[in-house]
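Peer 1: Below: one structure in structure tokens.
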Number of protein chains: 2
Amino acid sequence: VKAARFHARGDIRIDDVVEPAIRPGAVKIKVAWCGICGTDLHEYTNGPIFCPSPDTPHPLTGETPPVVLGHEFAGTVVELGEGVSRIALGARVAVEPRITCGSCAACRSGRHNTCADAATIGLAGAGGGLAEYIVVDEALVFDIGDLPLETGALIEPLAVAVHAVRQSGALAGEFAVVFGAGPIGLLVSAVLKAQHGVRVVLVEPNEHRRAQGEKLGADALIDPLIQDVETIVRELTDGVGADRAFECAGVDASLAGCLAAVRTGGTVVNVALRSTPARVDLLPLSLKEISLVGTICYANDYPAVIELLQSGRLNVDSIITKRIELHDLVVQGFQTLLGDDGSQAKILVGTDALSSTGY
Amino acid sequence: VKAARFHARGDIRIDDVVEPAIRPGAVKIKVAWCGICGTDLHEYTNGPIFCPSPDTPHPLTGETPPVVLGHEFAGTVVELGEGVSRIALGARVAVEPRITCGSCAACRSGRHNTCADAATIGLAGAGGGLAEYIVVDEALVFDIGDLPLETGALIEPLAVAVHAVRQSGALAGEFAVVFGAGPIGLLVSAVLKAQHGVRVVLVEPNEHRRAQGEKLGADALIDPLIQDVETIVRELTDGVGADRAFECAGVDASLAGCLAAVRTGGTVVNVALRSTPARVDLLPLSLKEISLVGTICYANDYPAVIELLQSGRLNVDSIITKRIELHDLVVQGFQTLLGDDGSQAKILVGTDALSSTGY
């Protein structure tokens, strides 16, 4: 069977691999769709980062490259391991692709997303969604009912957004500013509106990305290169400032913008992961007693995402800007995203789905 | 009557001034003791910062230099203005030396410490505690009962500490790390223990300051130049990390140390005010979902401080390392602190108190 595997930086191949075998407590999923994440791109251009190095097997998976890629996926259950009871054969499912130690203080406190040993399926080994089949422990598998499988492939990044919003403490009727309209910024904006009815201003210099935000219902769009965010936010909030701000761009200017935009006692969520130190003036944090809050992945957030999608309150299918087949992954997927002018948001990769659904 | 006044950077004089006149709703206080704050030192070496500039009258006080200094003071009420009812003649009192607009969203929400127009009595004008007399609005005056007036002069910096601890969300039985054992770090440590029974590790490179921390009951003392804070904190917390950390040093290394020392979901309070941007690796904030929280001055914290002191649970008199007379302020006060090797914590300045109490 086919699988996209990371061999080394710049070397991702569609390989023929042995079909993964079922095991007790796990389910075998025939993958339908898998999204390409910015993290996958970073592995391609700068990896191995979360992928293991050739000399050091990953501590949790024991694997070295090549490893299967893909962690944003949905598919259909085709085989059940011994003892599986919560998931039915034939069910459409999404997967929370995180393996954790299960025994540290973070895991025991229900915050397994902060487990120091946590690893991501589809980066660290243990299979991946850019493949025809994957076998995953039942505990990580979530039934999505009759949601389309394309939508199912958006549940992982939506869980990142739902978790970030939860970390923000956002309440109904509040006002939020989101910096950066990449996929995560777009999903954070959509979740804020769908879950809490929050008024959202989206700040993004790229016009294509702003257009994506408009489609998803952002209440106002700001180009920070020609408009002053703090002034506009003050005008929109009777001079008070935003209740919450989300830093989804990963640049110093956006972090400063968040601190400038929020009110006294407001919360800034640092969503983007930064690989280099930030340079930031903390005086606004002091003078306005702001809370700058970290967020990473998700923990117990999949049910909320699935409920939001099933209820019809949340629909983010418009962020799917392209669908490609697995064998076109590198050229049509990675290289398209690397050369992108902002027109692409989420590219979905179909394994066998393309032929069966007519794309 | 005498008052210490800021004329310009490096130019602080003990002047003869007109005795301030009583007004409706205010009380006249004969000052007994006033502490010297780091902020006063900064005005002396780098000012005007919070003091007004010669060309621009302060927006709330309307004053330009010279302005009277001193905002950490206690004294005795010698005259009551018309309509004063809460404060009695002869009462020993401390003063919350903050003037705010009273009408902005921050003030209306009870967070007047974050009022954008807030000013400090003793820096911005409106008199100061480094003087024989001051007239202050009744609302800012707090009866300290029979607490010693020296202790009363510590209430303002203690309110900073109590507010920072409140911002941290510290709970009984927790574990905290305090970086920096200047006066504020020392008081934060003492308040954590007195108010919540928190175990406190104090991190400070200066041996004299560590000795001060030991006197105040810190459970462990770390010299970060020769000991690894993160390792020691992990050992003391069964590998979990600290619940709360307080950055009271104002340097990048301490901020990084706070982020390294706290557990998953822990809180770091940024207590020190930073006049220059920080350079900080935010990856630990993301991976451990830390909250970095700002704090500034105090709002509704004086009653808690006075109660802690009156109950006997809190006694920080040992941080008073020197008592001087007003006319010795510059040489014995400011210049002693500027040349200090860490032996000095809080220097109190007596106005007429020296002769009457025998110092």
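Naming works like this for the structure tokens: A, B, ... for the chains as they're shown, residue 1 at the start of each chain, ligands 1 onward in shown order.
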Could you name the residues that touch Glu150 (chain A) at 12 Å or less, counting only C-alpha atoms, but leaving out those on the same chain fewer than 4 positions away, as a ChimeraX atom specification?

Peer 2: /A:31-35,72-76,92-94,144,146,154-156,315-323,346-351,353-354,357

Peer 1: Give me a file of those residues, with N, CA and C atoms, as a short mmCIF file (atom, residue, chain, number, x, y, z; two decimals), in the first residue's frame.

Peer 2:
data_model
loop_
_atom_site.label_atom_id
_atom_site.label_comp_id
_atom_site.auth_asym_id
_atom_site.auth_seq_id
_atom_site.Cartn_x
_atom_site.Cartn_y
_atom_site.Cartn_z
N VAL A 31 -7.78 5.69 5.27
CA VAL A 31 -7.78 7.15 5.26
C VAL A 31 -8.47 7.65 4.01
N ALA A 32 -9.30 8.68 4.19
CA ALA A 32 -9.95 9.31 3.03
C ALA A 32 -9.21 10.59 2.64
N TRP A 33 -9.08 11.48 3.61
CA TRP A 33 -8.46 12.79 3.36
C TRP A 33 -7.49 13.14 4.48
N CYS A 34 -6.41 13.81 4.09
CA CYS A 34 -5.43 14.29 5.09
C CYS A 34 -4.96 15.67 4.67
N GLY A 35 -5.03 16.63 5.61
CA GLY A 35 -4.57 17.98 5.32
C GLY A 35 -3.05 18.10 5.43
N GLU A 72 -3.49 15.31 10.07
CA GLU A 72 -4.83 15.93 10.00
C GLU A 72 -5.69 15.07 9.07
N PHE A 73 -6.27 14.01 9.61
CA PHE A 73 -6.93 13.08 8.69
C PHE A 73 -8.21 12.49 9.25
N ALA A 74 -9.01 11.99 8.30
CA ALA A 74 -10.25 11.28 8.64
C ALA A 74 -10.41 10.13 7.66
N GLY A 75 -11.14 9.12 8.10
CA GLY A 75 -11.33 7.97 7.23
C GLY A 75 -12.41 7.06 7.79
N THR A 76 -12.40 5.83 7.31
CA THR A 76 -13.44 4.87 7.68
C THR A 76 -12.79 3.66 8.35
N ARG A 92 -17.20 6.50 10.37
CA ARG A 92 -16.32 7.59 9.92
C ARG A 92 -15.65 8.16 11.16
N VAL A 93 -14.35 8.33 11.10
CA VAL A 93 -13.64 8.75 12.30
C VAL A 93 -12.58 9.80 11.99
N ALA A 94 -12.29 10.61 13.03
CA ALA A 94 -11.12 11.48 13.03
C ALA A 94 -10.21 11.00 14.16
N ILE A 144 -17.25 10.56 13.91
CA ILE A 144 -17.75 11.86 13.46
C ILE A 144 -19.15 11.77 12.87
N ASP A 146 -22.17 11.43 10.59
CA ASP A 146 -22.29 11.55 9.14
C ASP A 146 -21.64 12.81 8.58
N LEU A 154 -10.49 18.36 8.85
CA LEU A 154 -10.25 19.69 9.44
C LEU A 154 -10.38 19.67 10.96
N ILE A 155 -10.75 18.52 11.52
CA ILE A 155 -11.01 18.48 12.95
C ILE A 155 -9.74 18.69 13.78
N GLU A 156 -8.62 18.17 13.30
CA GLU A 156 -7.38 18.35 14.07
C GLU A 156 -7.00 19.83 14.19
N ASN A 315 -18.99 25.97 10.20
CA ASN A 315 -18.68 25.39 8.90
C ASN A 315 -17.47 26.12 8.33
N VAL A 316 -16.38 25.41 8.22
CA VAL A 316 -15.14 26.03 7.76
C VAL A 316 -14.63 25.37 6.48
N ASP A 317 -15.52 24.69 5.77
CA ASP A 317 -15.10 23.99 4.55
C ASP A 317 -14.48 24.94 3.52
N SER A 318 -14.82 26.23 3.63
CA SER A 318 -14.28 27.18 2.64
C SER A 318 -12.76 27.35 2.75
N ILE A 319 -12.16 26.88 3.84
CA ILE A 319 -10.70 27.02 3.89
C ILE A 319 -10.01 25.93 3.06
N ILE A 320 -10.75 24.95 2.59
CA ILE A 320 -10.16 23.95 1.69
C ILE A 320 -10.05 24.58 0.31
N THR A 321 -8.84 24.93 -0.09
CA THR A 321 -8.66 25.66 -1.34
C THR A 321 -8.19 24.75 -2.47
N LYS A 322 -7.83 23.50 -2.15
CA LYS A 322 -7.32 22.62 -3.20
C LYS A 322 -7.38 21.19 -2.70
N ARG A 323 -7.68 20.28 -3.62
CA ARG A 323 -7.68 18.84 -3.31
C ARG A 323 -6.75 18.15 -4.28
N LYS A 346 -5.98 25.65 3.08
CA LYS A 346 -5.75 24.24 3.41
C LYS A 346 -5.83 23.38 2.15
N ILE A 347 -4.78 22.62 1.89
CA ILE A 347 -4.78 21.64 0.80
C ILE A 347 -5.05 20.27 1.40
N LEU A 348 -6.08 19.60 0.88
CA LEU A 348 -6.37 18.23 1.33
C LEU A 348 -5.81 17.23 0.32
N VAL A 349 -5.29 16.14 0.89
CA VAL A 349 -4.72 15.09 0.06
C VAL A 349 -5.63 13.86 0.17
N GLY A 350 -6.11 13.39 -0.99
CA GLY A 350 -6.96 12.21 -0.99
C GLY A 350 -6.11 10.97 -1.27
N THR A 351 -6.41 9.90 -0.60
CA THR A 351 -5.66 8.67 -0.88
C THR A 351 -6.40 7.93 -1.98
N ALA A 353 -9.63 8.42 -2.14
CA ALA A 353 -10.89 9.15 -2.16
C ALA A 353 -11.13 9.84 -3.50
N LEU A 354 -10.05 10.24 -4.14
CA LEU A 354 -10.21 11.01 -5.37
C LEU A 354 -11.02 10.25 -6.41
N THR A 357 -14.73 9.74 -5.17
CA THR A 357 -15.63 10.88 -5.06
C THR A 357 -15.64 11.71 -6.33
#

Peer 1: Do you have, as JSON lines, the list of residues of chain B lying at most 9 Å from chain A, each with its nearest atom pair and that distance in Å to one decimal, counting only C-alpha atoms and ordered by chain then number?

Peer 2:
{"residue": "B:Cys104", "atom": "CA", "partner": "A:Val240", "partner_atom": "CA", "distance": 8.3}
{"residue": "B:Ala105", "atom": "CA", "partner": "A:Val240", "partner_atom": "CA", "distance": 6.3}
{"residue": "B:Ala106", "atom": "CA", "partner": "A:Thr264", "partner_atom": "CA", "distance": 6.2}
{"residue": "B:Arg111", "atom": "CA", "partner": "A:Thr264", "partner_atom": "CA", "distance": 7.9}
{"residue": "B:Asn113", "atom": "CA", "partner": "A:Leu287", "partner_atom": "CA", "distance": 8.1}
{"residue": "B:Thr114", "atom": "CA", "partner": "A:Lys288", "partner_atom": "CA", "distance": 5.3}
{"residue": "B:Cys115", "atom": "CA", "partner": "A:Lys288", "partner_atom": "CA", "distance": 8.2}
{"residue": "B:Ala116", "atom": "CA", "partner": "A:Leu287", "partner_atom": "CA", "distance": 8.0}
{"residue": "B:Gln167", "atom": "CA", "partner": "A:Glu289", "partner_atom": "CA", "distance": 8.5}
{"residue": "B:Gly239", "atom": "CA", "partner": "A:Ala105", "partner_atom": "CA", "distance": 8.4}
{"residue": "B:Val240", "atom": "CA", "partner": "A:Ala105", "partner_atom": "CA", "distance": 6.3}
{"residue": "B:Arg263", "atom": "CA", "partner": "A:Ala106", "partner_atom": "CA", "distance": 8.4}
{"residue": "B:Thr264", "atom": "CA", "partner": "A:Ala106", "partner_atom": "CA", "distance": 6.2}
{"residue": "B:Gly265", "atom": "CA", "partner": "A:Arg111", "partner_atom": "CA", "distance": 8.4}
{"residue": "B:Asn270", "atom": "CA", "partner": "A:Ser286", "partner_atom": "CA", "distance": 7.1}
{"residue": "B:Val271", "atom": "CA", "partner": "A:Ser286", "partner_atom": "CA", "distance": 7.6}
{"residue": "B:Ala272", "atom": "CA", "partner": "A:Ser286", "partner_atom": "CA", "distance": 8.5}
{"residue": "B:Leu273", "atom": "CA", "partner": "A:Leu283", "partner_atom": "CA", "distance": 6.5}
{"residue": "B:Arg274", "atom": "CA", "partner": "A:Leu283", "partner_atom": "CA", "distance": 6.0}
{"residue": "B:Ser275", "atom": "CA", "partner": "A:Leu283", "partner_atom": "CA", "distance": 7.0}
{"residue": "B:Thr276", "atom": "CA", "partner": "A:Asp281", "partner_atom": "CA", "distance": 6.5}
{"residue": "B:Pro277", "atom": "CA", "partner": "A:Asp281", "partner_atom": "CA", "distance": 4.0}
{"residue": "B:Ala278", "atom": "CA", "partner": "A:Val280", "partner_atom": "CA", "distance": 5.3}
{"residue": "B:Arg279", "atom": "CA", "partner": "A:Arg279", "partner_atom": "CA", "distance": 4.5}
{"residue": "B:Val280", "atom": "CA", "partner": "A:Pro277", "partner_atom": "CA", "distance": 5.1}
{"residue": "B:Asp281", "atom": "CA", "partner": "A:Pro277", "partner_atom": "CA", "distance": 4.0}
{"residue": "B:Leu282", "atom": "CA", "partner": "A:Pro277", "partner_atom": "CA", "distance": 6.5}
{"residue": "B:Leu283", "atom": "CA", "partner": "A:Arg274", "partner_atom": "CA", "distance": 6.0}
{"residue": "B:Pro284", "atom": "CA", "partner": "A:Gly294", "partner_atom": "CA", "distance": 8.4}
{"residue": "B:Leu285", "atom": "CA", "partner": "A:Gly294", "partner_atom": "CA", "distance": 5.0}
{"residue": "B:Ser286", "atom": "CA", "partner": "A:Gly294", "partner_atom": "CA", "distance": 4.2}
{"residue": "B:Leu287", "atom": "CA", "partner": "A:Thr114", "partner_atom": "CA", "distance": 5.7}
{"residue": "B:Lys288", "atom": "CA", "partner": "A:Thr114", "partner_atom": "CA", "distance": 5.3}
{"residue": "B:Glu289", "atom": "CA", "partner": "A:Gly294", "partner_atom": "CA", "distance": 4.1}
{"residue": "B:Ile290", "atom": "CA", "partner": "A:Gly294", "partner_atom": "CA", "distance": 5.3}
{"residue": "B:Ser291", "atom": "CA", "partner": "A:Val293", "partner_atom": "CA", "distance": 4.4}
{"residue": "B:Leu292", "atom": "CA", "partner": "A:Leu292", "partner_atom": "CA", "distance": 4.9}
{"residue": "B:Val293", "atom": "CA", "partner": "A:Ser291", "partner_atom": "CA", "distance": 4.4}
{"residue": "B:Gly294", "atom": "CA", "partner": "A:Glu289", "partner_atom": "CA", "distance": 4.1}
{"residue": "B:Thr295", "atom": "CA", "partner": "A:Glu289", "partner_atom": "CA", "distance": 5.0}
{"residue": "B:Ile296", "atom": "CA", "partner": "A:Ser286", "partner_atom": "CA", "distance": 5.7}

Peer 1: Print the selection's residues with N, CA and C atoms to a file, as a tab-separated table (two decimals), in the first residue's frame.

Peer 2:
chain	number	residue	atom	x	y	z
B	104	CYS	N	-12.57	56.35	33.57
B	104	CYS	CA	-12.32	55.47	32.41
B	104	CYS	C	-12.82	54.06	32.73
B	105	ALA	N	-12.78	53.18	31.71
B	105	ALA	CA	-13.26	51.81	31.89
B	105	ALA	C	-12.47	51.10	32.98
B	106	ALA	N	-11.16	51.33	33.05
B	106	ALA	CA	-10.34	50.68	34.08
B	106	ALA	C	-10.77	51.13	35.47
B	111	ARG	N	-10.28	48.60	38.66
B	111	ARG	CA	-8.85	48.40	38.39
B	111	ARG	C	-8.20	49.75	38.15
B	113	ASN	N	-5.69	50.93	39.26
B	113	ASN	CA	-4.22	50.87	39.12
B	113	ASN	C	-3.80	50.85	37.66
B	114	THR	N	-4.71	50.46	36.76
B	114	THR	CA	-4.38	50.42	35.33
B	114	THR	C	-4.95	51.60	34.57
B	115	CYS	N	-5.45	52.59	35.27
B	115	CYS	CA	-5.92	53.82	34.62
B	115	CYS	C	-4.77	54.40	33.80
B	116	ALA	N	-5.05	54.69	32.53
B	116	ALA	CA	-3.97	55.18	31.65
B	116	ALA	C	-3.44	56.53	32.10
B	167	GLN	N	-2.51	38.63	41.87
B	167	GLN	CA	-2.49	38.41	40.42
B	167	GLN	C	-2.01	37.00	40.07
B	239	GLY	N	9.59	16.63	40.84
B	239	GLY	CA	9.69	16.65	39.39
B	239	GLY	C	8.64	17.48	38.68
B	240	VAL	N	7.72	18.07	39.43
B	240	VAL	CA	6.57	18.74	38.81
B	240	VAL	C	6.89	20.16	38.36
B	263	ARG	N	5.55	24.73	36.55
B	263	ARG	CA	4.96	23.50	36.05
B	263	ARG	C	4.02	23.80	34.85
B	264	THR	N	3.57	22.75	34.23
B	264	THR	CA	2.46	22.81	33.27
B	264	THR	C	1.29	23.58	33.89
B	265	GLY	N	0.81	24.59	33.16
B	265	GLY	CA	-0.33	25.36	33.67
B	265	GLY	C	0.02	26.33	34.76
B	270	ASN	N	4.99	38.94	36.15
B	270	ASN	CA	6.05	39.86	35.77
B	270	ASN	C	5.95	41.10	36.65
B	271	VAL	N	6.66	41.10	37.78
B	271	VAL	CA	6.51	42.16	38.77
B	271	VAL	C	7.37	43.37	38.42
B	272	ALA	N	8.62	43.13	38.04
B	272	ALA	CA	9.53	44.24	37.75
B	272	ALA	C	9.06	44.97	36.49
B	273	LEU	N	9.12	46.29	36.53
B	273	LEU	CA	8.77	47.08	35.34
B	273	LEU	C	10.00	47.18	34.46
B	274	ARG	N	9.82	46.92	33.18
B	274	ARG	CA	10.95	46.92	32.25
B	274	ARG	C	10.86	48.12	31.33
B	275	SER	N	11.90	48.94	31.33
B	275	SER	CA	11.88	50.11	30.45
B	275	SER	C	12.40	49.78	29.06
B	276	THR	N	13.02	48.62	28.88
B	276	THR	CA	13.49	48.21	27.56
B	276	THR	C	12.85	46.87	27.20
B	277	PRO	N	12.73	46.57	25.90
B	277	PRO	CA	12.11	45.31	25.49
B	277	PRO	C	12.85	44.10	26.07
B	278	ALA	N	12.09	43.08	26.37
B	278	ALA	CA	12.66	41.82	26.83
B	278	ALA	C	12.97	40.95	25.62
B	279	ARG	N	13.98	40.11	25.74
B	279	ARG	CA	14.23	39.08	24.74
B	279	ARG	C	13.96	37.77	25.44
B	280	VAL	N	12.95	37.05	24.97
B	280	VAL	CA	12.48	35.90	25.73
B	280	VAL	C	12.05	34.77	24.79
B	281	ASP	N	12.50	33.57	25.10
B	281	ASP	CA	12.07	32.38	24.37
B	281	ASP	C	10.68	31.99	24.87
B	282	LEU	N	9.68	32.12	24.01
B	282	LEU	CA	8.30	31.85	24.42
B	282	LEU	C	7.90	30.39	24.26
B	283	LEU	N	8.83	29.54	23.77
B	283	LEU	CA	8.47	28.14	23.55
B	283	LEU	C	8.03	27.45	24.85
B	284	PRO	N	8.71	27.67	25.99
B	284	PRO	CA	8.21	27.06	27.24
B	284	PRO	C	6.81	27.54	27.60
B	285	LEU	N	6.51	28.82	27.31
B	285	LEU	CA	5.16	29.33	27.58
B	285	LEU	C	4.13	28.54	26.80
B	286	SER	N	4.45	28.21	25.53
B	286	SER	CA	3.54	27.40	24.71
B	286	SER	C	3.48	25.97	25.23
B	287	LEU	N	4.63	25.34	25.36
B	287	LEU	CA	4.67	23.90	25.61
B	287	LEU	C	4.12	23.54	26.99
B	288	LYS	N	4.24	24.46	27.96
B	288	LYS	CA	3.69	24.21	29.30
B	288	LYS	C	2.40	25.01	29.55
B	289	GLU	N	1.93	25.68	28.53
B	289	GLU	CA	0.70	26.50	28.66
B	289	GLU	C	0.74	27.37	29.91
B	290	ILE	N	1.84	28.12	30.01
B	290	ILE	CA	2.05	29.02	31.14
B	290	ILE	C	1.26	30.31	30.92
B	291	SER	N	0.80	30.93	32.00
B	291	SER	CA	0.24	32.28	31.95
B	291	SER	C	1.28	33.26	32.48
B	292	LEU	N	1.65	34.23	31.65
B	292	LEU	CA	2.55	35.30	32.09
B	292	LEU	C	1.66	36.51	32.36
B	293	VAL	N	1.64	36.96	33.61
B	293	VAL	CA	0.64	37.92	34.07
B	293	VAL	C	1.31	39.21	34.50
B	294	GLY	N	0.72	40.33	34.09
B	294	GLY	CA	1.24	41.62	34.50
B	294	GLY	C	0.66	42.06	35.83
B	295	THR	N	1.39	42.95	36.50
B	295	THR	CA	0.89	43.52	37.76
B	295	THR	C	1.46	44.92	37.88
B	296	ILE	N	0.65	45.83	38.40
B	296	ILE	CA	1.12	47.21	38.57
B	296	ILE	C	0.50	47.79	39.83

Peer 1: Excluding same-chain residues fewer than 6 positions from Val68 (chain B), what lies within 7 Å of it counting only C-alpha atoms, as a list in words?

Peer 2: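 Non-adjacent residues within range: Ala3, Ala4, Arg5, Phe6, Gly122, Gly125, Gly127, Gly128 and Leu130 of chain B.
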
Peer 1: Would you return as a ChimeraX atom specification the members of region 103-195 of chain B that DSSP assigns to strand (DSSP E) on this structure's backbone?

Peer 2: /B:119-120,133-137,141-143,175-179

Peer 1: Extract, using only C-alpha atoms, all DNA, RNA and protein residues at most 10 Å from Val78 (chain A), discarding same-chain residues fewer than 5 positions from it, and format them as a PDB file with all heavy atoms, in the first residue's frame.

Peer 2:
ATOM      1  N   VAL A  27      -7.784   0.306  16.127  1.00  0.00           N
ATOM      2  CA  VAL A  27      -8.642   0.148  14.951  1.00  0.00           C
ATOM      3  C   VAL A  27      -7.823   0.467  13.707  1.00  0.00           C
ATOM      4  O   VAL A  27      -6.901   1.283  13.747  1.00  0.00           O
ATOM      5  CB  VAL A  27      -9.885   1.073  15.007  1.00  0.00           C
ATOM      6  CG1 VAL A  27     -10.697   0.830  16.260  1.00  0.00           C
ATOM      7  CG2 VAL A  27      -9.489   2.536  14.917  1.00  0.00           C
ATOM      8  N   LYS A  28      -8.175  -0.219  12.600  1.00  0.00           N
ATOM      9  CA  LYS A  28      -7.531   0.105  11.329  1.00  0.00           C
ATOM     10  C   LYS A  28      -8.456   1.025  10.545  1.00  0.00           C
ATOM     11  O   LYS A  28      -9.652   0.776  10.409  1.00  0.00           O
ATOM     12  CB  LYS A  28      -7.238  -1.154  10.518  1.00  0.00           C
ATOM     13  CG  LYS A  28      -6.456  -0.847   9.226  1.00  0.00           C
ATOM     14  CD  LYS A  28      -6.279  -2.057   8.329  1.00  0.00           C
ATOM     15  CE  LYS A  28      -5.245  -3.010   8.909  1.00  0.00           C
ATOM     16  NZ  LYS A  28      -4.937  -4.109   7.935  1.00  0.00           N
ATOM     17  N   ILE A  29      -7.874   2.123  10.066  1.00  0.00           N
ATOM     18  CA  ILE A  29      -8.645   3.142   9.359  1.00  0.00           C
ATOM     19  C   ILE A  29      -8.164   3.212   7.916  1.00  0.00           C
ATOM     20  O   ILE A  29      -6.962   3.272   7.657  1.00  0.00           O
ATOM     21  CB  ILE A  29      -8.459   4.523  10.033  1.00  0.00           C
ATOM     22  CG1 ILE A  29      -8.940   4.477  11.485  1.00  0.00           C
ATOM     23  CG2 ILE A  29      -9.177   5.620   9.245  1.00  0.00           C
ATOM     24  CD1 ILE A  29      -8.453   5.645  12.332  1.00  0.00           C
ATOM     25  N   LYS A  30      -9.112   3.186   6.986  1.00  0.00           N
ATOM     26  CA  LYS A  30      -8.783   3.502   5.601  1.00  0.00           C
ATOM     27  C   LYS A  30      -8.903   5.009   5.477  1.00  0.00           C
ATOM     28  O   LYS A  30     -10.002   5.572   5.609  1.00  0.00           O
ATOM     29  CB  LYS A  30      -9.754   2.793   4.653  1.00  0.00           C
ATOM     30  CG  LYS A  30      -9.395   2.960   3.179  1.00  0.00           C
ATOM     31  CD  LYS A  30     -10.106   1.927   2.319  1.00  0.00           C
ATOM     32  CE  LYS A  30      -9.517   1.795   0.908  1.00  0.00           C
ATOM     33  NZ  LYS A  30      -8.588   2.815   0.464  1.00  0.00           N
ATOM     34  N   VAL A  31      -7.780   5.686   5.274  1.00  0.00           N
ATOM     35  CA  VAL A  31      -7.777   7.146   5.263  1.00  0.00           C
ATOM     36  C   VAL A  31      -8.466   7.652   4.005  1.00  0.00           C
ATOM     37  O   VAL A  31      -8.239   7.128   2.907  1.00  0.00           O
ATOM     38  CB  VAL A  31      -6.334   7.683   5.313  1.00  0.00           C
ATOM     39  CG1 VAL A  31      -6.337   9.210   5.276  1.00  0.00           C
ATOM     40  CG2 VAL A  31      -5.615   7.179   6.559  1.00  0.00           C
ATOM     41  N   ALA A  88     -17.223   1.511  16.038  1.00  0.00           N
ATOM     42  CA  ALA A  88     -17.842   0.439  15.252  1.00  0.00           C
ATOM     43  C   ALA A  88     -17.186   0.302  13.880  1.00  0.00           C
ATOM     44  O   ALA A  88     -16.640   1.268  13.336  1.00  0.00           O
ATOM     45  CB  ALA A  88     -19.331   0.724  15.082  1.00  0.00           C
ATOM     46  N   LEU A  89     -17.217  -0.869  13.369  1.00  0.00           N
ATOM     47  CA  LEU A  89     -16.747  -1.126  12.009  1.00  0.00           C
ATOM     48  C   LEU A  89     -17.569  -0.261  11.050  1.00  0.00           C
ATOM     49  O   LEU A  89     -18.787  -0.136  11.185  1.00  0.00           O
ATOM     50  CB  LEU A  89     -16.966  -2.616  11.682  1.00  0.00           C
ATOM     51  CG  LEU A  89     -16.052  -3.250  10.637  1.00  0.00           C
ATOM     52  CD1 LEU A  89     -14.591  -3.215  11.071  1.00  0.00           C
ATOM     53  CD2 LEU A  89     -16.485  -4.693  10.382  1.00  0.00           C
ATOM     54  N   GLY A  90     -16.887   0.371  10.101  1.00  0.00           N
ATOM     55  CA  GLY A  90     -17.575   1.206   9.123  1.00  0.00           C
ATOM     56  C   GLY A  90     -17.770   2.647   9.555  1.00  0.00           C
ATOM     57  O   GLY A  90     -18.211   3.488   8.766  1.00  0.00           O
ATOM     58  N   ALA A  91     -17.447   2.946  10.822  1.00  0.00           N
ATOM     59  CA  ALA A  91     -17.641   4.314  11.318  1.00  0.00           C
ATOM     60  C   ALA A  91     -16.696   5.287  10.606  1.00  0.00           C
ATOM     61  O   ALA A  91     -15.563   4.940  10.279  1.00  0.00           O
ATOM     62  CB  ALA A  91     -17.394   4.369  12.826  1.00  0.00           C
ATOM     63  N   ARG A  92     -17.198   6.498  10.374  1.00  0.00           N
ATOM     64  CA  ARG A  92     -16.320   7.587   9.922  1.00  0.00           C
ATOM     65  C   ARG A  92     -15.650   8.157  11.163  1.00  0.00           C
ATOM     66  O   ARG A  92     -16.349   8.485  12.134  1.00  0.00           O
ATOM     67  CB  ARG A  92     -17.127   8.690   9.268  1.00  0.00           C
ATOM     68  CG  ARG A  92     -17.792   8.297   7.976  1.00  0.00           C
ATOM     69  CD  ARG A  92     -18.816   9.337   7.589  1.00  0.00           C
ATOM     70  NE  ARG A  92     -19.384   8.990   6.312  1.00  0.00           N
ATOM     71  CZ  ARG A  92     -19.333   9.784   5.223  1.00  0.00           C
ATOM     72  NH1 ARG A  92     -18.802  10.978   5.299  1.00  0.00           N
ATOM     73  NH2 ARG A  92     -19.841   9.375   4.096  1.00  0.00           N
ATOM     74  N   TYR A 133      -3.639   3.447   4.759  1.00  0.00           N
ATOM     75  CA  TYR A 133      -4.144   2.846   6.000  1.00  0.00           C
ATOM     76  C   TYR A 133      -3.306   3.296   7.190  1.00  0.00           C
ATOM     77  O   TYR A 133      -2.101   3.542   7.071  1.00  0.00           O
ATOM     78  CB  TYR A 133      -4.101   1.309   5.927  1.00  0.00           C
ATOM     79  CG  TYR A 133      -5.048   0.727   4.909  1.00  0.00           C
ATOM     80  CD1 TYR A 133      -4.608   0.412   3.621  1.00  0.00           C
ATOM     81  CD2 TYR A 133      -6.384   0.509   5.229  1.00  0.00           C
ATOM     82  CE1 TYR A 133      -5.485  -0.108   2.681  1.00  0.00           C
ATOM     83  CE2 TYR A 133      -7.261  -0.023   4.294  1.00  0.00           C
ATOM     84  CZ  TYR A 133      -6.812  -0.327   3.024  1.00  0.00           C
ATOM     85  OH  TYR A 133      -7.681  -0.837   2.103  1.00  0.00           O
ATOM     86  N   VAL A 135      -3.191   2.294  11.653  1.00  0.00           N
ATOM     87  CA  VAL A 135      -3.754   1.618  12.825  1.00  0.00           C
ATOM     88  C   VAL A 135      -3.499   2.502  14.043  1.00  0.00           C
ATOM     89  O   VAL A 135      -2.360   2.920  14.283  1.00  0.00           O
ATOM     90  CB  VAL A 135      -3.126   0.225  13.019  1.00  0.00           C
ATOM     91  CG1 VAL A 135      -3.576  -0.383  14.350  1.00  0.00           C
ATOM     92  CG2 VAL A 135      -3.512  -0.688  11.856  1.00  0.00           C
TER      93      VAL A 135
END
